[in-house]
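Below is one structure; the comments refer to it alone.
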Amino acid sequence: MTDQYTLQDPTKMFADIDTKAQYQEGAGLDANLDDTADRGEKSYRGTGRLTGRKALITGGDSGIGAAVAIAYAREGADVAISYLPEEETDAKRVVELIEAEGRTAVAIPGDIVDAAFCRDLVAQAVDGLGGLDILVNNAGKQQFRETLDEISDEQFDETFKTNVYAMFWITKAALPHLGAGSTIINTSSIQGYSPSEMLVDYATTKASINAFSKALAQQLAPKGIRVNVVAPGPIWTPLQTAGGQPPEKLPDVGEQTPLGRWGQPAELAPAYVFLASPESSYVIGETLNVNGGMPTP
Ligand code: NAD
Ligand code: MG
């Protein structure tokens, strides 16, 4: 079987996935992508690197979060995922995949722009998992707008609430439950360093996530809690087809990378596994870029 340890030419991988122009209303579903993203269902092979760990992954229903949920379960962790109620179809599939590994899955629908829900989400995860020692802040909102004028106050507010405030609320609520050895992984983006003209609000939140993480990492290191960041490049997920990019640009987006193609969610999972597991014990406040080769500071 081809797994993530099999030698492959990275320029030729996933050539069968057609990233053509398409559009989805609302949050977007993996189930509705014309050509499904690869989340590692058929390829990710666990080696016990997260045995007995308890993880909460926001936005674990689809895209990168789903790939991380599948990988964590195969590495031996119990996993809680949060998602929007309209994403139940995707969430059910991920729950089945976690349970297929013999691990506990906890599914928690709700809207993270609400601070009270964020606190309740952590409480439900702790309750369902019997504790918590990995937090992955991955949920995010990205809506392209050609001009600043087209970014409504509501959009600006929602993008910040989803990408930045929710990370603050969820992390704050989780901290009392996290003991030494626990790990927090936040999801930034290439946009945090190399912002696109059409993603002004989104790119600003992603730079904020980097700064938040590097500050908090120093604060929590003496307690034995490590904070790190993963910064993806262009990854084929529902977010991109639900207004993240202009639909007609979708076929070309990945071509800007030195590898010349989109990344797949499955290619992100190993970065989140590494930063969650004790093998990264001396890695703190780091941003691991998984972006097909685009230079970053
Ligand atoms: P995705 O749509 O599959 O996942 C995003 C998830 O965020 C959704 O599944 C949804 O459950 C959750 N979410 C959004 N708004 C929410 C809300 N108000 N309440 C609760 N949950 C909410 O897309 P993805 O690309 O896998 O995104 C995951 C993360 O990766 C995001 O933070 C995104 O910004 C980041 N990222 C993605 C790319 C990319 O090219 N796809 C690049 C860089 C960074
Ligand atoms: Mg989703």
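Chains: A, B, ... in order of the structure tokens. Residues: from 1 per chain. Ligands: from 1, in order shown.
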Please build the interface table for chain A against ligand 1 with a cut-off of 6 Å, listing for each qualifying residue the nearest atom pair and the distance in Å to one decimal; count only C-alpha atoms and all ligand atoms, order rows by chain and increasing number, and write it as a Markdown table.
```
| residue | atom | partner | partner_atom_place_in_ligand_line | distance |
| --- | --- | --- | --- | --- |
| A:Gly59 | CA | ligand 1 | 11 (O) | 3.5 |
| A:Asp61 | CA | ligand 1 | 9 (O) | 5.3 |
| A:Ser62 | CA | ligand 1 | 3 (O) | 3.9 |
| A:Gly63 | CA | ligand 1 | 3 (O) | 3.4 |
| A:Ile64 | CA | ligand 1 | 26 (O) | 3.7 |
| A:Gly65 | CA | ligand 1 | 26 (O) | 5.6 |
| A:Tyr83 | CA | ligand 1 | 11 (O) | 3.6 |
| A:Leu84 | CA | ligand 1 | 20 (C) | 4.8 |
| A:Gly110 | CA | ligand 1 | 20 (C) | 5.7 |
| A:Asp111 | CA | ligand 1 | 19 (N) | 3.6 |
| A:Ile112 | CA | ligand 1 | 19 (N) | 3.9 |
| A:Val113 | CA | ligand 1 | 18 (N) | 5.1 |
| A:Asn138 | CA | ligand 1 | 32 (O) | 4.5 |
| A:Ala139 | CA | ligand 1 | 7 (O) | 3.3 |
| A:Gly140 | CA | ligand 1 | 32 (O) | 3.7 |
| A:Lys141 | CA | ligand 1 | 14 (C) | 5.1 |
| A:Thr162 | CA | ligand 1 | 18 (N) | 5.4 |
| A:Thr187 | CA | ligand 1 | 32 (O) | 5.2 |
| A:Ser188 | CA | ligand 1 | 44 (C) | 5.6 |
| A:Ser189 | CA | ligand 1 | 43 (C) | 3.9 |
| A:Pro232 | CA | ligand 1 | 43 (C) | 4.2 |
| A:Gly233 | CA | ligand 1 | 42 (C) | 4.8 |
| A:Pro234 | CA | ligand 1 | 40 (O) | 3.6 |
| A:Ile235 | CA | ligand 1 | 40 (O) | 3.6 |
| A:Trp236 | CA | ligand 1 | 41 (N) | 5.6 |
| A:Thr237 | CA | ligand 1 | 25 (O) | 4.8 |
| A:Pro238 | CA | ligand 1 | 2 (O) | 4.7 |
| A:Leu239 | CA | ligand 1 | 2 (O) | 3.7 |
| A:Gln240 | CA | ligand 1 | 41 (N) | 5.8 |
```
Let me see the file: selected residues, C-alpha atoms, as a CSV table (one decimal), in the first residue's frame.
```csv
chain,number,residue,atom,x,y,z
A,59,GLY,CA,-13.3,22.4,12.2
A,61,ASP,CA,-15.2,17.8,9.9
A,62,SER,CA,-13.5,18.6,6.6
A,63,GLY,CA,-10.3,19.6,4.8
A,64,ILE,CA,-7.2,19.9,6.9
A,65,GLY,CA,-9.0,19.4,10.2
A,83,TYR,CA,-18.0,21.9,13.2
A,84,LEU,CA,-21.0,24.0,12.1
A,110,GLY,CA,-21.9,24.8,17.1
A,111,ASP,CA,-20.9,28.3,16.1
A,112,ILE,CA,-17.5,29.4,17.5
A,113,VAL,CA,-18.2,33.1,16.9
A,138,ASN,CA,-8.1,24.9,13.0
A,139,ALA,CA,-11.5,26.3,12.2
A,140,GLY,CA,-11.4,29.3,9.9
A,141,LYS,CA,-13.3,31.6,7.7
A,162,THR,CA,-13.8,32.9,13.8
A,187,THR,CA,-3.4,27.1,12.1
A,188,SER,CA,-2.0,30.2,10.3
A,189,SER,CA,-1.4,30.5,6.6
A,232,PRO,CA,-0.5,25.9,5.1
A,233,GLY,CA,-0.1,27.1,1.5
A,234,PRO,CA,-2.9,26.5,-1.1
A,235,ILE,CA,-4.7,23.3,0.0
A,236,TRP,CA,-7.6,21.7,-1.8
A,237,THR,CA,-10.5,22.0,0.7
A,238,PRO,CA,-14.1,23.2,0.8
A,239,LEU,CA,-13.1,26.5,2.2
A,240,GLN,CA,-11.5,27.4,-1.1
```
Checklist entry - Within 12 Å of stretch 146-155 of chain A, counting only C-alpha atoms, which residues qualify if same-chain residues fewer than 2 places away don't, as a list in words? => result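 Selected residues are Val113, Lys141, Gln142, Gln143, Phe144, Asp157, Glu158, Thr159, Phe160, Lys161, Thr162, Asn163, Ser196, Glu197, Met198, Leu199, Val200, Asp201, Tyr202, Gly243, Gly244, Gln245 and Pro246 of chain A.
The nearest approach to ligand 2 among the residues A:Ala211, A:Gly128, A:Ala242, A:Val227, with only C-alpha atoms and all ligand atoms taken into account, belongs to A:Ala242.
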Next on the checklist: Using only C-alpha atoms for the distances, tell me which of A:Asp114, A:Asp120, A:Asp90, A:Asp38 is nearest to A:Gly263.
Outcome noted: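 The answer is A:Asp38, which sits nearest to A:Gly263.
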Checklist entry - Got a sec: who's within 6 Å of A:Ala203, counting only C-alpha atoms, leaving out chain neighbours fewer than 5 positions off, as a ChimeraX atom specification? => result /A:191-192,195
Item to check | Residue nearest A:Ala27 - candidates A:Ala217, A:Glu87, A:Asp252, A:Leu268, atoms counted: only C-alpha atoms | outcome: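 Ranked by minimum distance to A:Ala27, first place goes to A:Glu87.
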Next on the checklist: Calculated over only C-alpha atoms and all ligand atoms, which of the candidates A:Ile17, A:Val94, A:Leu50, A:Ala80 has the smallest distance to ligand 2?
Outcome noted: A:Val94
Item to check | Surrounding residues of A:Leu250 excluding itself and chain neighbours under 3 positions, 7 Å, only C-alpha atoms, as a PyMOL selection string | outcome: chain A and resi 19-21+245-247+253
Item to check | Backbone-only DSSP, helix (DSSP H, G or I) members of stretch 114-212 of chain A, as an MDAnalysis selection string | outcome: chainID A and resid 115:129 148:150 153:177 190:192 200:212
Atoms kept (C-alpha atoms) for selection, written as a compact mmCIF listing (two decimals), in the first residue's frame:
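Contents of result.txt, as written:
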```txt
# COMPACT_ATOMS: atom_id res chain seq x y z
CA ALA A 115 -17.81 33.02 23.25
CA ALA A 116 -20.24 31.05 25.43
CA PHE A 117 -20.31 28.23 22.87
CA CYS A 118 -16.49 28.16 22.76
CA ARG A 119 -16.38 27.59 26.52
CA ASP A 120 -19.11 24.95 26.29
CA LEU A 121 -17.25 23.27 23.41
CA VAL A 122 -14.18 22.77 25.60
CA ALA A 123 -16.34 21.50 28.47
CA GLN A 124 -18.05 18.98 26.16
CA ALA A 125 -14.72 17.81 24.74
CA VAL A 126 -13.19 17.34 28.21
CA ASP A 127 -16.30 15.51 29.35
CA GLY A 128 -16.50 13.24 26.29
CA LEU A 129 -12.77 12.43 26.17
CA LEU A 148 -11.72 46.98 0.82
CA ASP A 149 -15.06 48.65 0.21
CA GLU A 150 -16.62 45.25 -0.46
CA ASP A 153 -18.27 45.38 8.77
CA GLU A 154 -20.09 42.09 9.40
CA GLN A 155 -17.59 40.09 7.34
CA PHE A 156 -14.60 41.78 9.00
CA ASP A 157 -16.10 41.01 12.41
CA GLU A 158 -16.95 37.39 11.56
CA THR A 159 -13.53 36.67 10.08
CA PHE A 160 -11.83 37.99 13.21
CA LYS A 161 -14.29 36.23 15.56
CA THR A 162 -13.84 32.88 13.78
CA ASN A 163 -10.08 33.01 13.21
CA VAL A 164 -8.78 35.00 16.18
CA TYR A 165 -11.33 35.50 18.98
CA ALA A 166 -12.48 31.85 18.97
CA MET A 167 -8.84 30.71 19.22
CA PHE A 168 -8.48 33.01 22.27
CA TRP A 169 -11.74 31.86 23.90
CA ILE A 170 -11.13 28.14 23.26
CA THR A 171 -7.48 28.23 24.35
CA LYS A 172 -8.36 30.15 27.53
CA ALA A 173 -11.09 27.65 28.39
CA ALA A 174 -8.82 24.69 27.64
CA LEU A 175 -5.80 25.82 29.67
CA PRO A 176 -7.08 24.76 33.12
CA HIS A 177 -7.38 21.21 31.73
CA ILE A 190 1.10 31.61 3.95
CA GLN A 191 -1.28 34.60 3.90
CA GLY A 192 0.17 35.67 7.26
CA VAL A 200 -7.15 41.64 3.37
CA ASP A 201 -9.24 40.65 6.41
CA TYR A 202 -8.27 36.97 6.31
CA ALA A 203 -4.53 37.62 5.89
CA THR A 204 -4.61 40.02 8.84
CA THR A 205 -6.13 37.34 11.09
CA LYS A 206 -3.46 34.85 10.02
CA ALA A 207 -0.63 37.23 10.95
CA SER A 208 -2.40 37.71 14.31
CA ILE A 209 -2.46 33.94 14.87
CA ASN A 210 1.32 33.78 14.38
CA ALA A 211 1.95 36.59 16.90
CA PHE A 212 -0.57 35.21 19.42
```
Next on the checklist: Need the shell around A:Arg53: protein/DNA/RNA residues with any atom at most 9 Å away, counting only C-alpha atoms. Skip same-chain ones fewer than 5 positions apart. Format as a PyMOL selection string?
Outcome noted: chain A and resi 72+76-79+132-134
Can you spit out the residues from that selection as a PDB file, in the first residue's frame, using C-alpha atoms?
```pdb
ATOM      1  CA  TYR A  72      -4.584  11.421  15.242  1.00  0.00           C
ATOM      2  CA  GLY A  76      -3.820   6.180  18.905  1.00  0.00           C
ATOM      3  CA  ALA A  77      -5.590   9.328  20.152  1.00  0.00           C
ATOM      4  CA  ASP A  78      -9.232   9.862  21.112  1.00  0.00           C
ATOM      5  CA  VAL A  79     -10.583  12.806  19.152  1.00  0.00           C
ATOM      6  CA  LEU A 132      -7.629  16.989  27.168  1.00  0.00           C
ATOM      7  CA  ASP A 133      -3.941  17.204  26.198  1.00  0.00           C
ATOM      8  CA  ILE A 134      -3.960  18.316  22.537  1.00  0.00           C
TER       9      ILE A 134
END
```
Checklist entry - Counting only C-alpha atoms, which of A:Pro297, A:Gly48, A:Gly130, A:Gly285 gets nearest to A:Lys214? => result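 Looking at the shortest contact to A:Lys214, the residue is A:Gly285.
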Run DSSP on the backbone of this structure and report the residues of stretch 53-210 of chain A it assigns to strand (DSSP E or B), as a PDB file with N, CA and C atoms, in the first residue's frame.
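For reference, out_17.pdb as written:
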```
ATOM      1  N   LYS A  54      -5.591  12.783  24.092  1.00  0.00           N
ATOM      2  CA  LYS A  54      -6.976  13.248  23.971  1.00  0.00           C
ATOM      3  C   LYS A  54      -6.970  14.611  23.283  1.00  0.00           C
ATOM      4  N   ALA A  55      -7.536  14.664  22.084  1.00  0.00           N
ATOM      5  CA  ALA A  55      -7.395  15.853  21.238  1.00  0.00           C
ATOM      6  C   ALA A  55      -8.730  16.489  20.903  1.00  0.00           C
ATOM      7  N   LEU A  56      -8.760  17.823  20.927  1.00  0.00           N
ATOM      8  CA  LEU A  56      -9.888  18.589  20.381  1.00  0.00           C
ATOM      9  C   LEU A  56      -9.399  19.309  19.132  1.00  0.00           C
ATOM     10  N   ILE A  57     -10.102  19.088  18.019  1.00  0.00           N
ATOM     11  CA  ILE A  57      -9.753  19.723  16.738  1.00  0.00           C
ATOM     12  C   ILE A  57     -10.954  20.538  16.278  1.00  0.00           C
ATOM     13  N   THR A  58     -10.816  21.870  16.205  1.00  0.00           N
ATOM     14  CA  THR A  58     -11.938  22.670  15.696  1.00  0.00           C
ATOM     15  C   THR A  58     -11.947  22.576  14.166  1.00  0.00           C
ATOM     16  N   ASP A  78      -7.791   9.626  21.147  1.00  0.00           N
ATOM     17  CA  ASP A  78      -9.232   9.862  21.112  1.00  0.00           C
ATOM     18  C   ASP A  78      -9.423  11.300  20.642  1.00  0.00           C
ATOM     19  N   VAL A  79     -10.480  11.516  19.844  1.00  0.00           N
ATOM     20  CA  VAL A  79     -10.583  12.806  19.152  1.00  0.00           C
ATOM     21  C   VAL A  79     -11.981  13.410  19.236  1.00  0.00           C
ATOM     22  N   ALA A  80     -12.046  14.679  19.670  1.00  0.00           N
ATOM     23  CA  ALA A  80     -13.294  15.456  19.591  1.00  0.00           C
ATOM     24  C   ALA A  80     -13.168  16.425  18.423  1.00  0.00           C
ATOM     25  N   ILE A  81     -14.211  16.530  17.622  1.00  0.00           N
ATOM     26  CA  ILE A  81     -14.198  17.503  16.522  1.00  0.00           C
ATOM     27  C   ILE A  81     -15.348  18.492  16.696  1.00  0.00           C
ATOM     28  N   SER A  82     -15.079  19.758  16.389  1.00  0.00           N
ATOM     29  CA  SER A  82     -16.152  20.755  16.344  1.00  0.00           C
ATOM     30  C   SER A  82     -16.401  21.137  14.893  1.00  0.00           C
ATOM     31  N   TYR A  83     -17.629  21.583  14.616  1.00  0.00           N
ATOM     32  CA  TYR A  83     -18.017  21.940  13.244  1.00  0.00           C
ATOM     33  C   TYR A  83     -19.332  22.688  13.305  1.00  0.00           C
ATOM     34  N   ALA A 105     -14.707   8.963  19.525  1.00  0.00           N
ATOM     35  CA  ALA A 105     -14.950  10.188  18.744  1.00  0.00           C
ATOM     36  C   ALA A 105     -16.045  10.980  19.436  1.00  0.00           C
ATOM     37  N   VAL A 106     -15.829  12.281  19.578  1.00  0.00           N
ATOM     38  CA  VAL A 106     -16.839  13.156  20.171  1.00  0.00           C
ATOM     39  C   VAL A 106     -17.153  14.233  19.137  1.00  0.00           C
ATOM     40  N   ALA A 107     -18.427  14.332  18.737  1.00  0.00           N
ATOM     41  CA  ALA A 107     -18.837  15.295  17.699  1.00  0.00           C
ATOM     42  C   ALA A 107     -19.582  16.447  18.355  1.00  0.00           C
ATOM     43  N   ILE A 108     -19.084  17.670  18.135  1.00  0.00           N
ATOM     44  CA  ILE A 108     -19.660  18.821  18.843  1.00  0.00           C
ATOM     45  C   ILE A 108     -20.009  19.940  17.848  1.00  0.00           C
ATOM     46  N   PRO A 109     -21.282  19.963  17.378  1.00  0.00           N
ATOM     47  CA  PRO A 109     -21.688  21.033  16.469  1.00  0.00           C
ATOM     48  C   PRO A 109     -21.921  22.348  17.211  1.00  0.00           C
ATOM     49  N   ILE A 134      -4.330  17.719  23.831  1.00  0.00           N
ATOM     50  CA  ILE A 134      -3.960  18.316  22.537  1.00  0.00           C
ATOM     51  C   ILE A 134      -5.106  19.239  22.120  1.00  0.00           C
ATOM     52  N   LEU A 135      -4.779  20.491  21.811  1.00  0.00           N
ATOM     53  CA  LEU A 135      -5.786  21.407  21.253  1.00  0.00           C
ATOM     54  C   LEU A 135      -5.297  21.870  19.886  1.00  0.00           C
ATOM     55  N   VAL A 136      -6.113  21.630  18.863  1.00  0.00           N
ATOM     56  CA  VAL A 136      -5.797  22.116  17.514  1.00  0.00           C
ATOM     57  C   VAL A 136      -6.842  23.153  17.120  1.00  0.00           C
ATOM     58  N   ASN A 137      -6.430  24.415  17.103  1.00  0.00           N
ATOM     59  CA  ASN A 137      -7.311  25.486  16.622  1.00  0.00           C
ATOM     60  C   ASN A 137      -7.151  25.554  15.109  1.00  0.00           C
ATOM     61  N   THR A 183      -0.069  19.908  24.259  1.00  0.00           N
ATOM     62  CA  THR A 183       0.372  20.686  23.107  1.00  0.00           C
ATOM     63  C   THR A 183      -0.802  21.429  22.478  1.00  0.00           C
ATOM     64  N   ILE A 184      -0.521  22.660  22.055  1.00  0.00           N
ATOM     65  CA  ILE A 184      -1.517  23.485  21.360  1.00  0.00           C
ATOM     66  C   ILE A 184      -0.949  23.791  19.971  1.00  0.00           C
ATOM     67  N   ILE A 185      -1.771  23.580  18.947  1.00  0.00           N
ATOM     68  CA  ILE A 185      -1.319  23.853  17.573  1.00  0.00           C
ATOM     69  C   ILE A 185      -2.353  24.754  16.914  1.00  0.00           C
ATOM     70  N   ASN A 186      -1.916  25.917  16.485  1.00  0.00           N
ATOM     71  CA  ASN A 186      -2.804  26.868  15.815  1.00  0.00           C
ATOM     72  C   ASN A 186      -2.535  26.854  14.314  1.00  0.00           C
ATOM     73  N   THR A 187      -3.561  27.211  13.544  1.00  0.00           N
ATOM     74  CA  THR A 187      -3.449  27.134  12.089  1.00  0.00           C
ATOM     75  C   THR A 187      -3.391  28.541  11.497  1.00  0.00           C
TER      76      THR A 187
END
```
Checklist entry - From the list A:Ala91, A:Ala67, A:Leu33, A:Ile225, which residue is nearest ligand 2 when using only C-alpha atoms and all ligand atoms? => result A:Ala91
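Of note, atom CA of A:Ser281 and atom CA of A:Pro295 are spaced 25.4 Å apart.
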Checklist entry - Hey, what's within 12 Å of A:Asp16 if we count only C-alpha atoms and toss same-chain stuff fewer than 2 positions away? As a VMD selection string, please? => result chain A and resid 12 to 14 18 to 20 35 to 38 261 to 262 264
Checklist entry - Which polymer residues have any atom within 7 Å of an atom of A:Pro258, counting only C-alpha atoms, with same-chain residues fewer than 5 positions away left out, as a PyMOL selection string? => result chain A and resi 292-294
Checklist entry - Please, what distance in Å, to one decimal, runs between atom CA of A:Lys223 and atom CA of A:Ala180? => result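 Distance between the two atoms: 6.0 Å.
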